[in-house]
file input.txt (compact mmCIF, C-alpha atoms (C1' of nucleotides))
# COMPACT_ATOMS: atom_id res chain seq x y z
CA MET A 1 12.70 -24.51 -0.10
CA ALA A 2 10.31 -27.32 -0.88
CA THR A 3 8.09 -25.03 -2.87
CA SER A 4 5.37 -27.63 -3.31
CA GLU A 5 4.61 -27.17 0.37
CA LEU A 6 3.18 -23.79 -0.48
CA HIS A 7 0.28 -25.36 -2.35
CA THR A 8 -1.91 -26.72 0.42
CA PRO A 9 -1.80 -23.70 2.75
CA VAL A 10 -2.39 -21.25 -0.09
CA LEU A 11 -5.21 -23.27 -1.64
CA ASP A 12 -6.85 -23.77 1.76
CA TRP A 13 -6.51 -20.07 2.54
CA TYR A 14 -8.10 -19.19 -0.82
CA ASP A 15 -10.97 -21.56 -0.22
CA GLU A 16 -11.80 -19.70 2.95
CA HIS A 17 -10.93 -16.09 2.15
CA GLN A 18 -11.53 -15.56 -1.56
CA ARG A 19 -13.65 -12.56 -2.51
CA ASP A 20 -16.96 -13.07 -4.23
CA LEU A 21 -16.27 -11.26 -7.50
CA PRO A 22 -18.72 -11.31 -10.43
CA TRP A 23 -16.16 -12.59 -12.93
CA ARG A 24 -15.28 -15.49 -10.62
CA ARG A 25 -18.77 -16.88 -10.24
CA PRO A 26 -19.56 -20.22 -11.90
CA GLU A 27 -22.06 -18.59 -14.24
CA ALA A 28 -19.56 -15.95 -15.39
CA SER A 29 -18.94 -16.17 -19.13
CA PRO A 30 -15.48 -16.05 -20.71
CA TRP A 31 -16.51 -12.67 -22.09
CA SER A 32 -17.16 -11.46 -18.53
CA VAL A 33 -13.69 -12.67 -17.55
CA LEU A 34 -12.07 -10.99 -20.55
CA VAL A 35 -13.85 -7.70 -19.85
CA SER A 36 -12.79 -7.84 -16.21
CA GLU A 37 -9.16 -8.47 -17.11
CA LEU A 38 -8.98 -5.51 -19.48
CA MET A 39 -10.60 -3.27 -16.88
CA LEU A 40 -8.35 -4.52 -14.09
CA GLN A 41 -5.15 -3.65 -15.95
CA GLN A 42 -3.70 -1.03 -13.60
CA THR A 43 -7.09 -0.32 -12.04
CA PRO A 44 -8.26 -1.44 -8.57
CA VAL A 45 -11.06 -3.98 -8.19
CA LYS A 46 -13.27 -1.61 -6.24
CA ARG A 47 -13.45 0.86 -9.10
CA VAL A 48 -13.94 -1.84 -11.75
CA LEU A 49 -16.93 -3.52 -10.10
CA PRO A 50 -19.74 -1.09 -11.03
CA VAL A 51 -18.41 -0.46 -14.54
CA HIS A 52 -18.02 -4.17 -15.23
CA GLU A 53 -21.58 -4.84 -14.10
CA ALA A 54 -23.04 -2.10 -16.31
CA TRP A 55 -20.86 -3.21 -19.23
CA LEU A 56 -22.03 -6.83 -19.10
CA GLU A 57 -25.61 -5.70 -18.68
CA ARG A 58 -25.41 -3.58 -21.79
CA TRP A 59 -23.16 -5.83 -23.87
CA PRO A 60 -23.66 -9.45 -22.75
CA THR A 61 -21.65 -10.81 -25.69
CA PRO A 62 -18.73 -9.64 -27.83
CA ALA A 63 -21.11 -9.20 -30.76
CA ASP A 64 -23.22 -6.75 -28.77
CA LEU A 65 -20.22 -4.54 -28.17
CA ALA A 66 -18.82 -4.92 -31.67
CA ALA A 67 -22.11 -3.62 -33.09
CA GLU A 68 -21.68 -0.27 -31.31
CA PRO A 69 -19.55 2.75 -32.26
CA THR A 70 -16.22 2.83 -30.43
CA GLY A 71 -17.26 6.06 -28.74
CA GLU A 72 -19.95 4.22 -26.81
CA ALA A 73 -17.27 1.97 -25.34
CA VAL A 74 -15.16 5.00 -24.43
CA ARG A 75 -18.12 6.68 -22.75
CA ALA A 76 -19.12 3.54 -20.85
CA TRP A 77 -15.51 3.14 -19.73
CA GLY A 78 -16.14 6.20 -17.58
CA ARG A 79 -13.30 7.17 -15.28
CA LEU A 80 -11.49 3.84 -15.14
CA GLY A 81 -8.49 5.49 -16.72
CA TYR A 82 -6.34 4.58 -19.72
CA PRO A 83 -9.32 4.88 -22.09
CA ARG A 84 -7.38 3.32 -24.95
CA ARG A 85 -8.23 0.08 -23.16
CA ALA A 86 -11.86 0.72 -24.08
CA LEU A 87 -10.88 0.96 -27.73
CA ARG A 88 -8.84 -2.23 -27.44
CA LEU A 89 -11.71 -4.08 -25.81
CA HIS A 90 -14.00 -2.95 -28.62
CA ALA A 91 -11.42 -4.06 -31.17
CA ALA A 92 -11.03 -7.38 -29.37
CA ALA A 93 -14.79 -7.89 -29.53
CA THR A 94 -14.72 -7.14 -33.24
CA ALA A 95 -11.91 -9.62 -33.80
CA ILE A 96 -13.73 -12.27 -31.76
CA VAL A 97 -16.78 -11.87 -33.98
CA ALA A 98 -14.70 -11.86 -37.16
CA ASP A 99 -12.31 -14.69 -36.35
CA HIS A 100 -13.90 -16.81 -33.63
CA ASP A 101 -17.62 -16.90 -34.41
CA GLY A 102 -18.30 -14.49 -31.56
CA GLU A 103 -16.91 -16.80 -28.88
CA VAL A 104 -13.96 -15.81 -26.71
CA PRO A 105 -11.17 -18.21 -27.70
CA ALA A 106 -9.75 -20.58 -25.08
CA ASP A 107 -6.23 -20.94 -26.47
CA TYR A 108 -3.44 -18.68 -25.25
CA ASP A 109 -2.17 -18.09 -28.78
CA ASP A 110 -5.58 -16.93 -29.97
CA LEU A 111 -6.10 -14.77 -26.90
CA ILE A 112 -2.77 -13.00 -27.06
CA ALA A 113 -3.46 -12.11 -30.69
CA LEU A 114 -6.41 -9.98 -29.54
CA PRO A 115 -5.95 -6.22 -29.11
CA GLY A 116 -5.22 -5.26 -25.52
CA VAL A 117 -4.36 -8.83 -24.55
CA GLY A 118 -0.74 -9.39 -23.56
CA ASP A 119 0.96 -12.28 -21.81
CA TYR A 120 -0.70 -11.75 -18.46
CA THR A 121 -4.23 -11.31 -19.78
CA ALA A 122 -4.00 -14.23 -22.21
CA ALA A 123 -2.79 -16.55 -19.45
CA ALA A 124 -5.38 -15.20 -17.01
CA VAL A 125 -8.34 -15.71 -19.36
CA ALA A 126 -7.16 -19.16 -20.45
CA SER A 127 -6.72 -20.10 -16.81
CA PHE A 128 -9.68 -18.43 -15.11
CA ALA A 129 -12.29 -18.78 -17.83
CA PHE A 130 -11.23 -22.11 -19.33
CA GLY A 131 -9.34 -23.89 -16.57
CA ARG A 132 -6.16 -24.18 -18.59
CA ARG A 133 -2.72 -24.59 -17.01
CA HIS A 134 -0.69 -21.40 -17.49
CA VAL A 135 1.87 -19.35 -15.61
CA VAL A 136 -0.10 -16.27 -14.61
CA LEU A 137 2.31 -13.52 -13.64
CA ASP A 138 0.74 -10.28 -12.54
CA THR A 139 2.00 -7.72 -10.07
CA ASN A 140 0.44 -9.62 -7.13
CA VAL A 141 1.90 -13.00 -8.02
CA ARG A 142 5.28 -11.50 -8.74
CA ARG A 143 5.35 -9.78 -5.35
CA VAL A 144 4.25 -12.91 -3.46
CA LEU A 145 6.87 -15.07 -5.15
CA ALA A 146 9.59 -12.44 -4.74
CA ARG A 147 8.94 -12.48 -1.02
CA ALA A 148 7.97 -16.06 -0.21
CA VAL A 149 10.48 -17.73 -2.53
CA GLY A 150 13.02 -15.08 -3.48
CA GLY A 151 13.38 -13.57 -0.02
CA VAL A 152 13.23 -9.98 -1.29
CA GLU A 153 10.57 -7.34 -0.88
CA TRP A 154 10.12 -6.47 -4.55
CA PRO A 155 10.48 -8.30 -7.86
CA ALA A 156 12.55 -6.93 -10.75
CA ARG A 157 11.13 -4.14 -12.88
CA SER A 158 10.13 -6.57 -15.59
CA VAL A 159 9.58 -10.31 -15.63
CA THR A 160 12.87 -12.22 -15.71
CA ARG A 161 13.55 -15.64 -17.14
CA ALA A 162 14.43 -16.98 -13.69
CA GLU A 163 11.20 -15.61 -12.30
CA ARG A 164 9.12 -17.27 -15.00
CA ASP A 165 10.98 -20.55 -14.54
CA ALA A 166 10.40 -20.47 -10.79
CA ALA A 167 6.71 -19.77 -11.30
CA ALA A 168 6.49 -22.65 -13.79
CA LEU A 169 8.07 -25.04 -11.31
CA LEU A 170 5.48 -24.04 -8.73
CA LEU A 171 2.56 -24.66 -11.06
CA PRO A 172 0.54 -27.74 -10.04
CA ALA A 173 0.54 -30.50 -12.64
CA ASP A 174 -3.15 -30.79 -13.44
CA ASP A 175 -5.11 -28.07 -15.17
CA ALA A 176 -7.82 -27.53 -12.58
CA THR A 177 -5.45 -27.22 -9.62
CA ALA A 178 -3.11 -25.02 -11.63
CA ALA A 179 -5.96 -22.64 -12.44
CA THR A 180 -7.02 -22.45 -8.80
CA TRP A 181 -3.42 -21.99 -7.73
CA ALA A 182 -3.02 -19.06 -10.12
CA VAL A 183 -6.02 -17.17 -8.78
CA ALA A 184 -5.20 -18.13 -5.20
CA VAL A 185 -1.68 -16.69 -5.27
CA MET A 186 -3.01 -13.57 -6.93
CA GLU A 187 -5.67 -13.20 -4.23
CA LEU A 188 -3.08 -13.70 -1.52
CA GLY A 189 -1.06 -10.84 -2.98
CA ALA A 190 -4.13 -8.64 -3.25
CA LEU A 191 -5.43 -9.21 0.28
CA VAL A 192 -2.49 -10.22 2.49
CA CYS A 193 0.92 -9.89 0.84
CA THR A 194 0.15 -6.32 -0.18
CA ALA A 195 2.61 -3.82 -1.60
CA THR A 196 2.58 -1.70 1.53
CA GLY A 197 1.76 -2.98 4.99
CA PRO A 198 1.69 -6.73 4.32
CA ARG A 199 -0.41 -8.59 6.86
CA CYS A 200 2.03 -11.37 7.65
CA ALA A 201 0.02 -12.38 10.73
CA ALA A 202 -2.80 -13.44 8.40
CA CYS A 203 -0.56 -15.15 5.84
CA PRO A 204 -0.91 -18.93 5.42
CA VAL A 205 2.75 -19.29 4.43
CA ALA A 206 4.29 -16.84 6.88
CA ASP A 207 6.17 -19.65 8.61
CA ARG A 208 8.00 -20.51 5.41
CA CYS A 209 8.25 -17.11 3.73
CA ALA A 210 11.87 -16.46 2.78
CA TRP A 211 11.54 -12.70 3.13
CA ARG A 212 9.95 -12.91 6.58
CA LEU A 213 12.37 -15.60 7.77
CA ALA A 214 15.24 -13.32 6.75
CA GLY A 215 13.83 -10.59 8.98
CA HIS A 216 12.13 -8.52 6.28
CA PRO A 217 15.36 -7.12 4.82
CA ALA A 218 14.93 -3.70 3.26
CA TYR A 219 14.73 -3.39 -0.51
CA ASP A 220 18.13 -2.69 -2.01
CA GLY A 221 17.42 -2.82 -5.74
CA PRO A 222 17.30 0.02 -8.24
CA PRO A 223 14.97 2.90 -7.29
CA ARG A 224 11.43 2.48 -8.52
CA ARG A 225 10.47 5.65 -10.31
CA ALA A 226 7.36 7.44 -9.20
CA GLN A 227 4.79 8.25 -11.84
CA ALA A 228 4.87 11.92 -12.75
CA TRP A 229 1.46 13.50 -13.08
CA GLU A 230 1.20 17.27 -12.59
CA GLY A 231 1.44 19.00 -15.94
CA THR A 232 1.89 15.83 -17.98
CA ASP A 233 0.24 15.03 -21.28
CA ARG A 234 -1.70 12.31 -19.47
CA GLN A 235 -3.25 14.87 -17.16
CA CYS A 236 -4.04 17.12 -20.11
CA ARG A 237 -5.58 14.27 -22.12
CA GLY A 238 -7.62 13.28 -19.10
CA ARG A 239 -9.04 16.78 -18.78
CA LEU A 240 -9.99 16.84 -22.45
CA MET A 241 -11.62 13.40 -22.26
CA VAL A 242 -13.75 14.43 -19.29
CA VAL A 243 -15.30 17.21 -21.35
CA LEU A 244 -16.04 14.92 -24.29
CA ARG A 245 -17.37 12.05 -22.17
CA GLU A 246 -19.71 14.29 -20.23
CA SER A 247 -21.17 15.95 -23.30
CA HIS A 248 -23.66 14.00 -25.36
CA ALA A 249 -23.40 16.56 -28.13
CA PRO A 250 -20.31 17.54 -30.13
CA VAL A 251 -18.11 20.05 -28.32
CA HIS A 252 -16.64 23.27 -29.63
CA ARG A 253 -12.94 23.79 -29.28
CA SER A 254 -13.51 26.64 -26.84
CA ALA A 255 -14.91 24.19 -24.29
CA LEU A 256 -11.68 22.21 -24.53
CA ASP A 257 -9.53 25.34 -24.35
CA ALA A 258 -11.14 26.12 -21.02
CA VAL A 259 -9.78 23.05 -19.23
CA TRP A 260 -6.06 23.39 -20.02
CA PRO A 261 -4.15 26.66 -20.11
CA ASP A 262 -1.07 25.68 -22.12
CA GLU A 263 -2.20 26.05 -25.74
CA GLU A 264 0.71 24.24 -27.33
CA GLN A 265 0.37 21.21 -25.06
CA ARG A 266 -3.40 21.23 -25.35
CA THR A 267 -3.23 21.23 -29.14
CA ARG A 268 -0.69 18.44 -29.16
CA CYS A 269 -2.74 16.31 -26.78
CA LEU A 270 -5.96 16.82 -28.71
CA ALA A 271 -4.20 15.77 -31.92
CA GLY A 272 -2.87 12.75 -30.05
CA LEU A 273 -6.33 11.77 -28.89
CA VAL A 274 -7.62 12.04 -32.46
CA ALA A 275 -4.70 9.97 -33.72
CA ASP A 276 -5.43 7.35 -31.05
CA GLY A 277 -9.05 7.14 -32.15
CA LEU A 278 -10.35 8.39 -28.81
CA VAL A 279 -11.68 11.62 -30.29
CA ALA A 280 -13.25 12.44 -33.65
CA GLN A 281 -13.15 15.86 -35.27
CA VAL A 282 -16.65 16.24 -36.71
CA ALA A 283 -16.26 19.74 -38.17
CA ALA A 284 -13.92 22.70 -38.01
CA ASP A 285 -13.21 23.25 -34.29
CA VAL A 286 -15.85 20.70 -33.30
CA TYR A 287 -15.03 17.42 -31.57
CA ALA A 288 -16.88 14.39 -30.22
CA LEU A 289 -16.35 10.83 -29.11
CA PRO A 290 -15.97 8.58 -32.17
C1' DA B 1 14.30 -1.55 -23.14
C1' DA B 2 12.54 2.49 -21.56
C1' DC B 3 8.63 5.22 -21.99
C1' DT B 4 3.85 6.36 -22.45
C1' DC B 5 -0.81 5.92 -21.23
C1' DG B 6 -5.70 7.92 -16.37
C1' DT B 7 -7.68 7.94 -12.19
C1' DG B 8 -8.52 7.92 -7.43
C1' DG B 9 -7.94 5.83 -2.83
C1' DC B 10 -5.15 5.19 1.00
C1' DG B 11 -1.51 5.24 4.83
C1' DT C 1 -0.57 15.98 3.20
C1' DC C 2 1.24 13.62 -0.73
C1' DG C 3 3.87 9.88 -2.57
C1' DC C 4 2.72 5.31 -3.72
C1' DC C 5 0.35 2.11 -6.27
C1' DA C 6 -3.37 -0.59 -8.74
C1' DA C 7 -5.28 -8.34 -12.24
C1' DG C 8 -0.38 -4.31 -18.13
C1' DA C 9 -0.04 -3.45 -23.09
C1' DG C 10 1.95 -1.26 -27.00
C1' DT C 11 5.64 0.86 -29.07
call {"tool": "encode", "arguments": {"input": "input.txt", "output": "structure tokens"}}
result
Amino acid sequence: MATSELHTPVLDWYDEHQRDLPWRRPEASPWSVLVSELMLQQTPVKRVLPVHEAWLERWPTPADLAAEPTGEAVRAWGRLGYPRRALRLHAAATAIVADHDGEVPADYDDLIALPGVGDYTAAAVASFAFGRRHVVLDTNVRRVLARAVGGVEWPARSVTRAERDAAALLLPADDATAATWAVAVMELGALVCTATGPRCAACPVADRCAWRLAGHPAYDGPPRRAQAWEGTDRQCRGRLMVVLRESHAPVHRSALDAVWPDEEQRTRCLAGLVADGLVAQVAADVYALP
DNA sequence: AACTCGTGGCG
DNA sequence: TCGCCAAGAGT
């Protein structure tokens, strides 16, 4: 397919249908973009919005966050999930103050060196906040390209070399258009080319989508494992964190015992949370956010 | 490379 | 109802 012919319809569609998100506004700081990207890792936009707003209100710069105890970040993280991201964001803020004069760096290499910033987030911040030209491969982009270009419903489990090469070939040559392209494809995946129930009737490239043109062939790759939840350590850790987040005073062990029946698992998870830096033991049998 | 790490909304 | 999935990173 002449992949360059995807550009105009996708860019035009984005111009008309893009969501008004706080971290996309012209006045949004690179710090706002970085905060949003950490929060959006595996968490839907709708749930991020209020937390992001409160976060930027309270900590308008990396230095503001770095000056606080890590526990304040964990508490403000609320129920976004994966609270280690709050610790990483705090650590990233600290590194930005220490190594970059308090300014979020614009270079991919500097960004990816920050805690909690991997390939996707480094490329996203460089692209969205600084207008740099990068291949931005998130779950939305990967799904759109798998369908429109690859002709299959789902991409591979992890990013392949061929996938990255294909995305690089699609990237417009100049920085500004490349940055818009990156966010536009992502938005198309989020709003139209969704994981379940894609709205092909509303898709600007439906008439040239390889998957649709092939008649929407069923997925025939390896089974995609469902996330286990009931009875897992993650569920146990989540229960323990709720107690600590909701208490503004240190908590006795008995209050933690009450939320998970299996003593062995509960003890292991609490030790894990302490080891992760999400929980501090402040006295014998007394715990608090760090 | 496979596994771990939260939470909640939606079809 | 309940399985699926959401702007991934670290190990």
call {"tool": "interface_residues", "arguments": {"input": "input.txt", "of": "chain C", "to": "chain A", "cutoff": "8 Å", "atoms": "only C-alpha atoms (C1' of nucleotides)", "output": "list in words"}}
result
DG3, DC4, DC5, DA6, DA7, DG8 and DA9 of chain C
call {"tool": "residues_around", "arguments": {"input": "input.txt", "residues": "segment 1-9 of chain B", "least_positions_apart": "5", "cutoff": "9 Å", "atoms": "only C-alpha atoms (C1' of nucleotides)", "output": "short mmCIF file (atom, residue, chain, number, x, y, z; two decimals) with C-alpha atoms (C1' of nucleotides), in the coordinates of the input"}}
result
data_model
loop_
_atom_site.label_atom_id
_atom_site.label_comp_id
_atom_site.auth_asym_id
_atom_site.auth_seq_id
_atom_site.Cartn_x
_atom_site.Cartn_y
_atom_site.Cartn_z
CA THR A 43 -7.09 -0.32 -12.04
CA ARG A 47 -13.45 0.86 -9.10
CA ARG A 79 -13.30 7.17 -15.28
CA LEU A 80 -11.49 3.84 -15.14
CA GLY A 81 -8.49 5.49 -16.72
CA TYR A 82 -6.34 4.58 -19.72
CA PRO A 83 -9.32 4.88 -22.09
CA ARG A 84 -7.38 3.32 -24.95
CA ARG A 234 -1.70 12.31 -19.47
CA GLN A 235 -3.25 14.87 -17.16
CA ARG A 237 -5.58 14.27 -22.12
CA GLY A 238 -7.62 13.28 -19.10
"C1'" DT C 11 5.64 0.86 -29.07
#
call {"tool": "closest_residue", "arguments": {"input": "input.txt", "among": "A:Asp15, A:Asp99, A:Glu5, A:Asp276", "to": "chain B", "atoms": "only C-alpha atoms (C1' of nucleotides)"}}
result
A:Asp276
call {"tool": "atom_distance", "arguments": {"input": "input.txt", "atom1": "atom CA of Gly221 of chain A", "atom2": "atom CA of His7 of chain A"}}
result
28.5 Å
call {"tool": "atom_distance", "arguments": {"input": "input.txt", "atom1": "atom CA of Ala218 of chain A", "atom2": "atom CA of Leu171 of chain A"}}
result
28.2 Å
call {"tool": "atom_distance", "arguments": {"input": "input.txt", "atom1": "atom CA of Arg212 of chain A", "atom2": "atom CA of Val149 of chain A"}}
result
10.3 Å
call {"tool": "axis_aligned_box", "arguments": {"input": "input.txt", "around": "chain B", "padding_each_side": "5 Å", "output": "lines of an AutoDock Vina configuration file"}}
result
center_x = 2.9
center_y = 3.2
center_z = -9.2
size_x = 32.8
size_y = 19.5
size_z = 38.0
call {"tool": "closest_residue", "arguments": {"input": "input.txt", "among": "A:Ser158, A:Ser254, A:Gln18, A:Thr177", "to": "chain B", "atoms": "all atoms listed in the file"}}
result
A:Ser158
call {"tool": "closest_residue", "arguments": {"input": "input.txt", "among": "A:Val48, A:Leu213, A:Ala179, A:Leu6", "to": "chain B", "atoms": "only C-alpha atoms (C1' of nucleotides)"}}
result
A:Val48
call {"tool": "residues_around", "arguments": {"input": "input.txt", "residues": "Gly151 of chain A", "least_positions_apart": "4", "cutoff": "6 Å", "atoms": "only C-alpha atoms (C1' of nucleotides)", "output": "PyMOL selection string"}}
result
chain A and resi 147+210-211
call {"tool": "decode", "arguments": {"input": "input.txt", "residues": "chain C", "atoms": "C-alpha atoms (C1' of nucleotides)", "output": "mmCIF file, in the first residue's frame"}}
result
data_model
loop_
_atom_site.group_PDB
_atom_site.id
_atom_site.type_symbol
_atom_site.label_atom_id
_atom_site.label_comp_id
_atom_site.auth_asym_id
_atom_site.auth_seq_id
_atom_site.Cartn_x
_atom_site.Cartn_y
_atom_site.Cartn_z
ATOM 1 C "C1'" DT C 1 -22.668 -11.123 34.484
ATOM 2 C "C1'" DC C 2 -17.787 -11.216 33.816
ATOM 3 C "C1'" DG C 3 -13.942 -11.319 30.738
ATOM 4 C "C1'" DC C 4 -11.481 -7.818 28.446
ATOM 5 C "C1'" DC C 5 -8.689 -4.009 28.427
ATOM 6 C "C1'" DA C 6 -6.551 0.663 29.361
ATOM 7 C "C1'" DA C 7 -1.007 6.611 26.226
ATOM 8 C "C1'" DG C 8 3.974 0.499 29.809
ATOM 9 C "C1'" DA C 9 8.059 -0.093 32.704
ATOM 10 C "C1'" DG C 10 11.182 -2.832 35.314
ATOM 11 C "C1'" DT C 11 13.228 -7.006 36.185
#
